[in-house]
file run.tsv (TSV, C-alpha atoms)
chain	number	residue	atom	x	y	z
A	1	MET	CA	83.82	100.12	-23.63
A	2	LYS	CA	84.58	99.47	-19.99
A	3	GLY	CA	88.07	98.30	-20.92
A	4	ASN	CA	88.71	101.51	-22.88
A	5	ALA	CA	87.46	103.65	-20.00
A	6	ARG	CA	89.71	101.79	-17.58
A	7	ASP	CA	92.70	102.24	-19.90
A	8	ASN	CA	91.97	105.95	-20.24
A	9	LYS	CA	91.82	106.32	-16.47
A	10	GLY	CA	95.12	104.49	-16.17
A	11	ASP	CA	96.69	106.90	-18.66
A	12	VAL	CA	95.35	109.91	-16.74
A	13	TYR	CA	96.70	108.57	-13.45
A	14	SER	CA	100.10	107.91	-15.03
A	15	ILE	CA	100.21	111.46	-16.42
A	16	LEU	CA	99.37	112.88	-12.98
A	17	CYS	CA	102.24	110.87	-11.49
A	18	ILE	CA	104.64	112.23	-14.13
A	19	LEU	CA	103.48	115.80	-13.49
A	20	ALA	CA	104.06	115.37	-9.75
A	21	ALA	CA	107.57	114.10	-10.49
A	22	ALA	CA	108.22	117.05	-12.83
A	23	VAL	CA	107.32	119.52	-10.08
A	24	THR	CA	110.16	118.17	-7.94
A	25	LEU	CA	112.64	119.25	-10.64
A	26	PHE	CA	111.83	122.97	-10.35
A	27	PRO	CA	114.92	123.83	-8.24
A	28	LEU	CA	117.12	122.42	-11.01
A	29	GLY	CA	116.00	125.26	-13.26
A	30	CYS	CA	118.60	127.49	-11.58
A	31	ASN	CA	121.91	127.76	-13.38
A	32	TYR	CA	123.77	127.38	-10.09
A	33	ILE	CA	123.89	125.28	-6.94
A	34	MET	CA	121.83	126.80	-4.15
A	35	ASP	CA	123.75	127.62	-1.00
A	36	GLY	CA	122.63	126.10	2.27
A	37	GLY	CA	122.40	122.74	3.95
A	38	ILE	CA	125.42	120.47	3.57
A	39	VAL	CA	125.84	120.74	-0.20
A	40	ALA	CA	129.47	121.79	0.38
A	41	GLU	CA	130.12	118.28	1.69
A	42	TRP	CA	128.82	116.83	-1.59
A	43	THR	CA	130.91	119.15	-3.78
A	44	ALA	CA	134.04	118.28	-1.79
A	45	ARG	CA	133.38	114.58	-2.30
A	46	VAL	CA	132.70	114.96	-6.03
A	47	ALA	CA	135.87	117.01	-6.49
A	48	GLU	CA	137.88	114.34	-4.65
A	49	LEU	CA	136.33	111.60	-6.79
A	50	ALA	CA	137.20	113.46	-9.99
A	51	GLU	CA	140.78	113.92	-8.79
A	52	GLY	CA	140.94	110.22	-7.90
A	53	PHE	CA	139.67	109.21	-11.35
A	54	ARG	CA	142.30	111.43	-12.91
A	55	GLY	CA	145.00	109.64	-10.92
A	56	GLY	CA	143.56	106.16	-11.47
A	57	ARG	CA	142.24	105.79	-7.91
A	58	LEU	CA	138.77	104.75	-6.75
A	59	CYS	CA	137.70	106.59	-3.58
A	60	LEU	CA	134.84	104.47	-2.22
A	61	PHE	CA	134.81	106.50	0.99
A	62	PRO	CA	135.67	110.16	1.59
A	63	SER	CA	139.12	110.98	2.86
A	64	LEU	CA	139.97	113.06	5.91
A	65	GLU	CA	141.14	115.82	3.54
A	66	ALA	CA	137.71	116.02	1.89
A	67	ARG	CA	136.04	116.13	5.32
A	68	MET	CA	138.31	118.98	6.42
A	69	ALA	CA	137.84	120.84	3.13
A	70	SER	CA	134.08	120.95	3.59
A	71	GLY	CA	134.17	121.43	7.37
A	72	ILE	CA	131.13	119.13	7.62
A	73	ALA	CA	131.23	115.87	9.59
A	74	GLU	CA	127.77	114.64	8.60
A	75	ASN	CA	127.73	111.56	6.38
A	76	ALA	CA	131.29	110.70	7.40
A	77	MET	CA	130.33	107.02	7.57
A	78	ASN	CA	128.56	107.06	4.20
A	79	SER	CA	130.27	105.99	1.00
A	80	ASN	CA	130.86	107.75	-2.32
A	81	LEU	CA	129.28	104.95	-4.36
A	82	TRP	CA	126.30	107.01	-5.53
A	83	PHE	CA	128.54	109.98	-6.35
A	84	MET	CA	130.69	108.12	-8.88
A	85	LEU	CA	128.68	109.33	-11.87
A	86	PRO	CA	128.70	113.04	-10.93
A	87	GLY	CA	132.41	112.65	-10.15
A	88	ALA	CA	133.03	111.32	-13.66
A	89	LEU	CA	130.83	114.04	-15.14
A	90	TYR	CA	132.77	116.72	-13.26
A	91	LEU	CA	136.04	115.21	-14.48
A	92	LEU	CA	134.86	115.31	-18.11
A	93	THR	CA	133.26	118.78	-18.09
A	94	GLY	CA	134.89	120.63	-15.20
A	95	LYS	CA	131.43	122.00	-14.28
A	96	MET	CA	130.14	121.23	-10.80
A	97	VAL	CA	126.72	122.69	-11.61
A	98	LEU	CA	126.30	120.20	-14.44
A	99	ALA	CA	127.38	117.34	-12.20
A	100	TYR	CA	124.87	118.46	-9.55
A	101	LYS	CA	122.01	118.78	-12.03
A	102	GLY	CA	122.79	115.42	-13.57
A	103	TYR	CA	122.89	113.72	-10.18
A	104	MET	CA	119.66	115.26	-8.90
A	105	LEU	CA	117.88	114.58	-12.19
A	106	LEU	CA	118.80	110.90	-11.97
A	107	VAL	CA	117.78	110.77	-8.29
A	108	GLN	CA	114.35	112.27	-8.99
A	109	ILE	CA	113.73	110.07	-12.03
A	110	GLY	CA	114.93	107.00	-10.14
A	111	THR	CA	112.69	107.85	-7.18
A	112	PHE	CA	109.71	108.25	-9.49
A	113	LEU	CA	110.28	104.93	-11.25
A	114	ALA	CA	110.82	103.08	-7.96
A	115	ALA	CA	107.69	104.63	-6.41
A	116	PHE	CA	105.66	103.93	-9.57
A	117	LEU	CA	106.58	100.22	-9.48
A	118	CYS	CA	106.18	99.99	-5.71
A	119	PHE	CA	102.68	101.43	-5.41
A	120	ARG	CA	101.44	99.63	-8.51
A	121	GLN	CA	102.46	96.28	-7.00
A	122	ILE	CA	101.24	96.99	-3.49
A	123	PHE	CA	97.78	97.90	-4.80
A	124	HIS	CA	97.82	95.01	-7.32
A	125	GLN	CA	97.25	97.24	-10.33
A	126	GLY	CA	98.34	96.12	-13.79
A	127	ARG	CA	97.85	99.71	-14.92
A	128	MET	CA	98.16	102.68	-12.62
A	129	GLY	CA	94.97	103.19	-10.61
A	130	MET	CA	93.75	105.84	-8.19
A	131	ALA	CA	95.41	104.38	-5.09
A	132	GLY	CA	98.75	103.94	-6.84
A	133	CYS	CA	98.57	107.45	-8.29
A	134	VAL	CA	97.84	109.04	-4.90
A	135	GLY	CA	100.65	107.01	-3.33
A	136	VAL	CA	103.19	108.12	-5.94
A	137	VAL	CA	102.11	111.77	-5.65
A	138	LEU	CA	102.35	111.67	-1.85
A	139	TYR	CA	105.81	110.08	-1.96
A	140	MET	CA	107.26	112.31	-4.67
A	141	THR	CA	105.97	115.54	-3.11
A	142	ASN	CA	106.62	114.45	0.49
A	143	PRO	CA	107.69	117.68	2.27
A	144	TYR	CA	110.41	115.87	4.21
A	145	ARG	CA	111.87	114.31	1.04
A	146	ILE	CA	111.93	117.69	-0.70
A	147	TYR	CA	113.57	119.14	2.40
A	148	VAL	CA	116.27	116.43	2.29
A	149	CYS	CA	116.94	116.92	-1.43
A	150	TYR	CA	117.08	120.71	-1.65
A	151	ASP	CA	116.86	122.41	1.76
A	152	ALA	CA	119.16	120.25	3.88
A	153	ALA	CA	120.92	119.19	0.64
A	154	ASN	CA	121.74	115.80	2.16
A	155	LEU	CA	122.38	114.16	-1.19
A	156	SER	CA	123.45	110.88	0.42
A	157	GLN	CA	120.08	110.51	2.09
A	158	ALA	CA	118.36	111.58	-1.13
A	159	ALA	CA	119.79	108.45	-2.78
A	160	ALA	CA	118.45	106.34	0.11
A	161	TRP	CA	114.98	107.82	-0.45
A	162	MET	CA	115.30	106.77	-4.10
A	163	LEU	CA	115.96	103.15	-3.12
A	164	LEU	CA	113.39	102.87	-0.32
A	165	PRO	CA	110.34	102.16	-2.58
A	166	LEU	CA	112.35	99.52	-4.42
A	167	TYR	CA	113.19	97.85	-1.11
A	168	VAL	CA	109.58	98.03	0.12
A	169	ARG	CA	108.31	96.58	-3.16
A	170	ALA	CA	110.72	93.65	-2.99
A	171	VAL	CA	110.04	92.91	0.70
A	172	TYR	CA	106.28	93.13	0.10
A	173	GLY	CA	106.60	90.75	-2.83
A	174	LEU	CA	108.81	88.43	-0.81
A	175	ALA	CA	106.14	88.18	1.88
A	176	GLY	CA	103.40	87.30	-0.59
A	177	SER	CA	104.81	85.82	-3.80
A	178	GLY	CA	105.90	82.29	-4.48
A	179	GLY	CA	108.62	80.21	-6.11
A	180	ARG	CA	110.57	81.95	-8.81
A	181	HIS	CA	109.38	85.42	-7.83
A	182	LYS	CA	110.64	84.96	-4.28
A	183	CYS	CA	114.19	84.51	-5.52
A	184	GLN	CA	113.90	87.66	-7.61
A	185	CYS	CA	112.40	89.64	-4.73
A	186	PHE	CA	115.08	88.39	-2.34
A	187	LEU	CA	117.86	89.55	-4.65
A	188	VAL	CA	116.30	92.96	-5.28
A	189	ALA	CA	115.59	93.53	-1.57
A	190	ALA	CA	119.15	92.59	-0.56
A	191	LEU	CA	120.71	94.83	-3.23
A	192	ALA	CA	118.37	97.73	-2.40
A	193	LEU	CA	119.24	97.46	1.30
A	194	ALA	CA	122.93	97.34	0.44
A	195	GLY	CA	122.50	100.38	-1.80
A	196	MET	CA	120.83	102.26	1.05
A	197	GLY	CA	123.72	101.23	3.29
A	198	TYR	CA	126.24	102.70	0.89
A	199	ALA	CA	124.11	105.86	0.60
A	200	ASP	CA	123.10	106.49	4.23
A	201	MET	CA	123.99	103.98	6.91
A	202	VAL	CA	121.56	105.32	9.55
A	203	PHE	CA	118.68	105.25	7.03
A	204	SER	CA	119.61	101.70	6.07
A	205	LEU	CA	119.90	100.50	9.67
A	206	THR	CA	116.44	101.90	10.39
A	207	ALA	CA	114.93	100.09	7.40
A	208	ALA	CA	116.67	96.87	8.45
A	209	ALA	CA	115.52	97.17	12.08
A	210	VAL	CA	111.91	97.73	11.00
A	211	THR	CA	112.14	94.71	8.69
A	212	VAL	CA	113.40	92.47	11.50
A	213	LEU	CA	110.78	93.76	13.95
A	214	ALA	CA	108.05	93.04	11.38
A	215	ALA	CA	109.48	89.63	10.46
A	216	ILE	CA	109.62	88.20	14.00
A	217	PRO	CA	105.89	88.33	14.90
A	218	ALA	CA	104.93	87.43	11.31
A	219	ARG	CA	107.30	84.42	11.43
A	220	ARG	CA	109.07	85.37	8.22
A	221	PRO	CA	112.69	84.25	8.65
A	222	LEU	CA	113.33	84.99	4.97
A	223	LEU	CA	113.01	88.71	5.71
A	224	CYS	CA	115.75	88.41	8.33
A	225	ALA	CA	117.86	86.61	5.76
A	226	VAL	CA	117.37	89.58	3.41
A	227	VAL	CA	118.90	91.87	6.04
A	228	VAL	CA	121.89	89.55	6.45
A	229	ALA	CA	122.40	89.31	2.69
A	230	GLY	CA	122.05	93.07	2.30
A	231	TYR	CA	124.72	93.85	4.85
A	232	LEU	CA	127.04	91.20	3.47
A	233	SER	CA	126.74	93.05	0.15
A	234	ALA	CA	127.49	96.32	1.93
A	235	PHE	CA	130.34	94.84	3.97
A	236	PRO	CA	132.86	97.68	3.37
A	237	GLY	CA	130.38	100.17	4.82
A	238	VAL	CA	129.50	97.89	7.72
A	239	LEU	CA	133.20	97.35	8.48
A	240	ARG	CA	133.84	101.11	8.44
A	241	LEU	CA	130.92	101.73	10.78
A	242	GLY	CA	132.03	98.95	13.12
A	243	ARG	CA	135.56	100.34	13.32
A	244	TYR	CA	134.15	103.76	14.18
A	245	LEU	CA	131.78	102.45	16.86
A	246	PHE	CA	134.11	100.05	18.64
A	247	THR	CA	137.60	101.49	18.09
A	248	ASP	CA	139.29	104.90	17.97
A	249	ALA	CA	140.05	104.56	14.26
A	250	TYR	CA	138.32	107.82	13.28
A	251	ALA	CA	139.13	109.96	16.30
A	252	GLU	CA	140.94	112.54	14.13
A	253	TRP	CA	137.80	113.08	12.01
A	254	GLY	CA	136.19	115.12	14.76
A	255	ILE	CA	132.77	113.51	14.39
A	256	PRO	CA	130.72	115.26	17.09
A	257	LEU	CA	129.22	113.33	19.99
A	258	ARG	CA	125.93	114.92	21.00
A	259	ARG	CA	122.51	114.52	22.51
A	260	ILE	CA	119.71	114.34	19.95
A	261	MET	CA	116.65	114.00	22.16
A	262	GLN	CA	115.93	117.73	22.24
A	263	ASN	CA	115.97	117.85	18.42
A	264	GLY	CA	112.89	115.65	18.12
A	265	TYR	CA	109.42	116.71	17.05
A	266	HIS	CA	106.68	118.11	19.22
A	267	VAL	CA	103.24	116.81	18.27
A	268	GLY	CA	102.07	120.10	16.78
A	269	GLN	CA	105.00	120.17	14.35
A	270	PHE	CA	103.68	117.07	12.58
A	271	PHE	CA	100.78	119.12	11.23
A	272	SER	CA	102.70	122.06	9.74
A	273	CYS	CA	101.86	122.75	6.09
A	274	TYR	CA	103.39	125.86	4.54
A	275	ALA	CA	106.29	126.68	6.84
A	276	PHE	CA	108.40	124.93	9.43
A	277	ARG	CA	111.32	125.63	11.76
A	278	ASP	CA	114.56	123.87	12.62
A	279	GLY	CA	114.43	121.38	9.77
A	280	LYS	CA	111.15	119.80	10.86
A	281	PRO	CA	108.68	119.67	7.96
A	282	GLY	CA	105.16	118.51	8.69
A	283	MET	CA	103.07	116.01	6.76
A	284	GLY	CA	101.50	118.63	4.50
A	285	PRO	CA	97.78	119.11	3.76
A	286	GLY	CA	97.61	116.28	1.20
A	287	MET	CA	98.72	113.60	3.66
A	288	MET	CA	96.66	115.20	6.42
A	289	LEU	CA	93.51	114.97	4.29
A	290	CYS	CA	94.25	111.29	3.56
A	291	LEU	CA	94.68	110.41	7.22
A	292	LEU	CA	91.52	112.33	8.15
A	293	ALA	CA	89.68	110.32	5.51
A	294	ALA	CA	91.01	107.10	7.07
A	295	LEU	CA	89.87	108.19	10.54
A	296	TRP	CA	86.46	109.21	9.15
A	297	ARG	CA	85.98	105.80	7.55
A	298	ARG	CA	87.07	103.99	10.68
A	299	PHE	CA	85.26	105.89	13.42
A	300	VAL	CA	82.27	107.50	11.66
A	301	TRP	CA	81.38	104.85	9.10
A	302	GLY	CA	82.79	101.99	11.16
A	303	GLU	CA	84.61	100.41	8.20
A	304	LYS	CA	87.41	97.89	8.74
A	305	GLY	CA	88.14	97.04	5.13
A	306	THR	CA	91.88	97.68	5.01
A	307	ASP	CA	93.84	94.44	4.63
A	308	ARG	CA	96.45	93.28	7.11
A	309	GLY	CA	99.43	94.28	4.98
A	310	LYS	CA	98.39	97.91	4.68
A	311	ARG	CA	97.55	98.06	8.39
A	312	GLY	CA	101.09	96.85	8.96
A	313	PHE	CA	102.47	99.93	7.19
A	314	ALA	CA	100.33	102.13	9.45
A	315	ALA	CA	101.81	100.40	12.51
A	316	ILE	CA	105.34	100.90	11.14
A	317	ALA	CA	104.61	104.58	10.54
A	318	LEU	CA	103.33	105.05	14.09
A	319	PHE	CA	106.41	103.31	15.50
A	320	LEU	CA	108.74	105.57	13.51
A	321	THR	CA	106.69	108.61	14.57
A	322	ALA	CA	107.27	107.67	18.22
A	323	LEU	CA	111.03	107.49	17.56
A	324	SER	CA	110.94	111.04	16.18
A	325	LEU	CA	109.34	112.60	19.26
A	326	SER	CA	111.33	114.88	21.52
A	327	CYS	CA	110.22	112.80	24.50
A	328	PHE	CA	111.65	109.54	23.16
A	329	PRO	CA	114.44	108.55	25.61
A	330	TRP	CA	117.47	108.70	23.32
A	331	ASP	CA	119.54	109.96	26.27
A	332	ILE	CA	118.91	106.69	28.11
A	333	LEU	CA	119.94	104.63	25.09
A	334	GLN	CA	123.19	106.57	24.89
A	335	ARG	CA	124.12	105.24	28.35
A	336	LEU	CA	124.58	101.70	27.03
A	337	GLY	CA	128.21	102.41	26.22
A	338	GLY	CA	130.60	104.38	24.07
A	339	TRP	CA	129.36	102.66	20.91
A	340	SER	CA	125.77	103.76	21.62
A	341	VAL	CA	126.86	107.36	22.16
A	342	LYS	CA	128.55	107.30	18.75
A	343	LEU	CA	125.67	105.53	16.99
A	344	VAL	CA	122.96	107.81	18.34
A	345	SER	CA	125.12	110.85	17.55
A	346	LEU	CA	125.35	109.68	13.92
A	347	ILE	CA	121.56	109.93	13.67
A	348	GLY	CA	121.97	113.68	14.05
A	349	THR	CA	118.28	114.38	14.53
A	350	PRO	CA	115.24	112.19	15.27
A	351	ALA	CA	113.52	114.03	12.41
A	352	VAL	CA	114.86	111.37	10.04
A	353	PHE	CA	112.42	108.89	11.59
A	354	TRP	CA	109.49	111.21	10.92
A	355	GLY	CA	110.57	111.38	7.30
A	356	MET	CA	110.49	107.58	7.07
A	357	ALA	CA	107.16	107.56	8.91
A	358	THR	CA	105.58	109.82	6.29
A	359	ALA	CA	106.89	107.46	3.61
A	360	ALA	CA	105.19	104.53	5.35
A	361	PHE	CA	101.98	106.54	5.80
A	362	CYS	CA	101.73	106.93	2.01
A	363	ILE	CA	100.40	103.36	1.64
A	364	PRO	CA	97.47	103.40	4.11
A	365	ALA	CA	96.77	107.01	3.10
A	366	ALA	CA	96.43	106.12	-0.59
A	367	ASP	CA	94.33	103.07	0.30
A	368	SER	CA	91.94	105.16	2.40
A	369	ILE	CA	91.42	107.65	-0.44
A	370	GLU	CA	90.57	104.92	-2.93
A	371	ARG	CA	88.11	103.27	-0.54
A	372	LEU	CA	86.51	106.63	0.23
A	373	SER	CA	86.05	107.41	-3.47
A	374	ARG	CA	84.18	104.12	-3.96
A	375	CYS	CA	81.51	104.91	-1.38
A	376	GLY	CA	79.20	106.37	-4.06
A	377	LYS	CA	78.90	109.83	-2.57
A	378	GLN	CA	79.65	112.75	-4.87
A	379	ALA	CA	81.57	114.71	-2.24
A	380	ALA	CA	83.90	111.78	-1.62
A	381	ARG	CA	84.96	111.75	-5.28
A	382	VAL	CA	86.37	115.25	-4.90
A	383	VAL	CA	88.78	114.17	-2.14
A	384	PRO	CA	91.39	112.48	-4.40
A	385	VAL	CA	91.53	115.60	-6.58
A	386	ALA	CA	91.99	117.77	-3.49
A	387	VAL	CA	94.78	115.50	-2.19
A	388	ILE	CA	96.70	115.69	-5.47
A	389	LEU	CA	96.23	119.46	-5.79
A	390	PHE	CA	97.28	120.12	-2.18
A	391	SER	CA	100.33	117.87	-2.44
A	392	VAL	CA	101.55	119.32	-5.72
A	393	GLY	CA	100.75	122.86	-4.60
A	394	ILE	CA	102.79	122.57	-1.40
A	395	CYS	CA	105.67	121.05	-3.35
A	396	ILE	CA	105.65	123.98	-5.79
A	397	TYR	CA	105.55	126.42	-2.87
A	398	GLN	CA	108.41	124.64	-1.09
A	399	CYS	CA	110.59	124.46	-4.22
A	400	ASN	CA	109.92	128.07	-5.24
A	401	THR	CA	110.62	129.35	-1.73
A	402	LEU	CA	114.02	127.66	-1.84
A	403	THR	CA	114.74	128.82	-5.39
A	404	TYR	CA	114.04	132.47	-4.67
A	405	GLY	CA	115.34	132.51	-1.11
A	406	ARG	CA	118.77	130.94	-1.57
A	407	LEU	CA	121.88	132.61	-2.96
A	408	PRO	CA	124.21	130.91	-5.46
A	409	MET	CA	126.91	128.90	-3.79
A	410	GLU	CA	130.46	130.23	-4.09
A	411	THR	CA	132.47	127.14	-5.01
A	412	GLY	CA	134.78	128.34	-7.73
A	413	PHE	CA	133.29	126.29	-10.53

call {"tool": "encode", "arguments": {"input": "run.tsv", "output": "structure tokens"}}
result
Amino acid sequence: MKGNARDNKGDVYSILCILAAAVTLFPLGCNYIMDGGIVAEWTARVAELAEGFRGGRLCLFPSLEARMASGIAENAMNSNLWFMLPGALYLLTGKMVLAYKGYMLLVQIGTFLAAFLCFRQIFHQGRMGMAGCVGVVLYMTNPYRIYVCYDAANLSQAAAWMLLPLYVRAVYGLAGSGGRHKCQCFLVAALALAGMGYADMVFSLTAAAVTVLAAIPARRPLLCAVVVAGYLSAFPGVLRLGRYLFTDAYAEWGIPLRRIMQNGYHVGQFFSCYAFRDGKPGMGPGMMLCLLAALWRRFVWGEKGTDRGKRGFAAIALFLTALSLSCFPWDILQRLGGWSVKLVSLIGTPAVFWGMATAAFCIPAADSIERLSRCGKQAARVVPVAVILFSVGICIYQCNTLTYGRLPMETGF
């Protein structure tokens, strides 16, 4: 009987995860591409890929013509690898809307599957449990991820968000598994890091830097080897970035050099729920409730039950949060030389680090909710339900606001 009850709970948690993933597909219900963000950069790349396929050419990186056609310099160092499929779809159908919907559908499904596997392994659950379910819901409905996918329409970074749970799962397994599984985890981690490099080089460099910083005090040289293997696999992207940073090879591209320090977060902006300004989403009420639960357990009940690995994710999240602050001295780092001015300018906004911080917070947040629900108090059992409802509700609100507030994009398709 206990086994059947456990299986039924696992099924319920899995269904909740699927429903949370389905909510993120709401903007795809429109029969057009929403205007706004940098979606024009994506359509220019896809059109160039389709034209290249027609002529028997493979355009791994965007051309100067595509950059000028869109008028957008963001993602100039990122490859077209993840846009190959929509490019082929556009070539076959001639419909950009269909290519866009197909790409975003695959990104959302891929993100869900990666998050599902990641949180199930981190919480050591053969079947989906409460902690894994809360983690998947928090990741899928993360306000910053939804902002990247649909509001900013940075579809390169959306692919990096898809691969991040896969990378975390492999690195986590590499740190704790043995023998045969270590080889498998090493390969997956290296390929996932390379995939992130082809999708969004700044996102990938951040993940790699965090990995190295975590590996040094933990004395895990294998994690540093993963970074090396990942960038060897992404060598064309690394070479392109190196040429940009240390030569004048891309001077004609007009990639802007700028200060980013003033674009960082102020502390109050971390706690925004329903609305935000200047592309700075907050953590949302679901994540806020999880972190409050963690603080309550720690300082009111005096519990210290969280294992070292999950505390490590909290430390990573706090480090990334510090990088996203408007007071972080990015201006000083840009004085290291011309290469540092270019590299920091490629970041565009420190908000990207807050997005990665909220992804890291998902793990200790989900762990705190599960531990709170096991305390035996009736009120504590309501908290996981509230977290899921708040997270899904904010995601619906965010998606609907975009759907009804954006005009169709005039692209001639």

call {"tool": "atom_distance", "arguments": {"input": "run.tsv", "atom1": "CA of Leu92 (chain A)", "atom2": "CA of Glu51 (chain A)"}}
result
11.1 Å

call {"tool": "residues_around", "arguments": {"input": "run.tsv", "residues": "Gly230 (chain A)", "least_positions_apart": "6", "cutoff": "8 Å", "atoms": "all atoms listed in the file", "output": "short mmCIF file (atom, residue, chain, number, x, y, z; two decimals) with C-alpha atoms, in the frame of the given file"}}
result
data_model
loop_
_atom_site.label_atom_id
_atom_site.label_comp_id
_atom_site.auth_asym_id
_atom_site.auth_seq_id
_atom_site.Cartn_x
_atom_site.Cartn_y
_atom_site.Cartn_z
CA ALA A 189 115.59 93.53 -1.57
CA ALA A 190 119.15 92.59 -0.56
CA LEU A 191 120.71 94.83 -3.23
CA ALA A 192 118.37 97.73 -2.40
CA LEU A 193 119.24 97.46 1.30
CA ALA A 194 122.93 97.34 0.44
#

call {"tool": "residues_around", "arguments": {"input": "run.tsv", "residues": "Gln398 (chain A)", "least_positions_apart": "6", "cutoff": "9 Å", "atoms": "all atoms listed in the file", "output": "list in words"}}
result
Pro143, Ile146, Tyr147, Tyr274 and Ala275 of chain A

call {"tool": "atom_distance", "arguments": {"input": "run.tsv", "atom1": "CA of Leu205 (chain A)", "atom2": "CA of Pro329 (chain A)"}}
result
18.7 Å

call {"tool": "closest_residue", "arguments": {"input": "run.tsv", "among": "A:Arg54, A:Arg45, A:Arg145, A:Arg374", "to": "Met130 (chain A)", "atoms": "all atoms listed in the file"}}
result
A:Arg374

call {"tool": "closest_residue", "arguments": {"input": "run.tsv", "among": "A:Val188, A:Ile18, A:Ile388, A:Leu49", "to": "Gly173 (chain A)", "atoms": "only C-alpha atoms"}}
result
A:Val188

call {"tool": "residues_around", "arguments": {"input": "run.tsv", "residues": "Phe26 (chain A)", "least_positions_apart": "3", "cutoff": "12 Å", "atoms": "all atoms listed in the file", "output": "list of chain:residue names"}}
result
A:Leu19, A:Ala20, A:Ala21, A:Ala22, A:Val23, A:Gly29, A:Cys30, A:Asn31, A:Lys101, A:Met104, A:Leu105, A:Gln108, A:Thr141, A:Ile146, A:Cys149, A:Tyr150, A:Val392, A:Cys395, A:Ile396, A:Tyr397, A:Gln398, A:Cys399, A:Asn400, A:Thr401, A:Leu402, A:Thr403, A:Tyr404

call {"tool": "closest_residue", "arguments": {"input": "run.tsv", "among": "A:Leu91, A:Leu16, A:Ala249, A:Met261", "to": "Leu325 (chain A)", "atoms": "only C-alpha atoms"}}
result
A:Met261

call {"tool": "atom_distance", "arguments": {"input": "run.tsv", "atom1": "CA of Phe246 (chain A)", "atom2": "CA of Tyr198 (chain A)"}}
result
19.6 Å

call {"tool": "residues_around", "arguments": {"input": "run.tsv", "residues": "Pro236 (chain A)", "least_positions_apart": "6", "cutoff": "10 Å", "atoms": "all atoms listed in the file", "output": "number ranges by chain"}}
result
A: 60-61, 79, 197-198, 242

call {"tool": "build_atoms", "arguments": {"input": "run.tsv", "residues": "region 202-216 of chain A", "atoms": "N, CA and C atoms", "output": "compact mmCIF listing (two decimals), in the coordinates of the input"}}
result
# COMPACT_ATOMS: atom_id res chain seq x y z
N VAL A 202 122.61 105.21 8.53
CA VAL A 202 121.56 105.32 9.55
C VAL A 202 120.20 104.99 8.94
N PHE A 203 119.93 105.51 7.75
CA PHE A 203 118.68 105.25 7.03
C PHE A 203 118.54 103.75 6.79
N SER A 204 119.62 103.12 6.36
CA SER A 204 119.61 101.70 6.07
C SER A 204 119.39 100.87 7.33
N LEU A 205 120.07 101.24 8.42
CA LEU A 205 119.90 100.50 9.67
C LEU A 205 118.47 100.59 10.18
N THR A 206 117.84 101.74 9.98
CA THR A 206 116.44 101.90 10.39
C THR A 206 115.53 100.99 9.58
N ALA A 207 115.73 100.97 8.26
CA ALA A 207 114.93 100.09 7.40
C ALA A 207 115.14 98.63 7.78
N ALA A 208 116.38 98.25 8.07
CA ALA A 208 116.67 96.87 8.45
C ALA A 208 116.03 96.52 9.79
N ALA A 209 116.11 97.43 10.76
CA ALA A 209 115.52 97.17 12.08
C ALA A 209 114.01 97.00 11.98
N VAL A 210 113.36 97.84 11.18
CA VAL A 210 111.91 97.73 11.00
C VAL A 210 111.57 96.39 10.33
N THR A 211 112.37 95.98 9.37
CA THR A 211 112.14 94.71 8.69
C THR A 211 112.21 93.54 9.68
N VAL A 212 113.23 93.55 10.52
CA VAL A 212 113.40 92.47 11.50
C VAL A 212 112.25 92.47 12.51
N LEU A 213 111.87 93.66 12.98
CA LEU A 213 110.78 93.76 13.95
C LEU A 213 109.46 93.29 13.35
N ALA A 214 109.27 93.51 12.05
CA ALA A 214 108.05 93.04 11.38
C ALA A 214 108.12 91.55 11.09
N ALA A 215 109.32 91.04 10.84
CA ALA A 215 109.48 89.63 10.46
C ALA A 215 109.28 88.70 11.64
N ILE A 216 109.67 89.10 12.84
CA ILE A 216 109.62 88.20 14.00
C ILE A 216 108.18 87.80 14.35
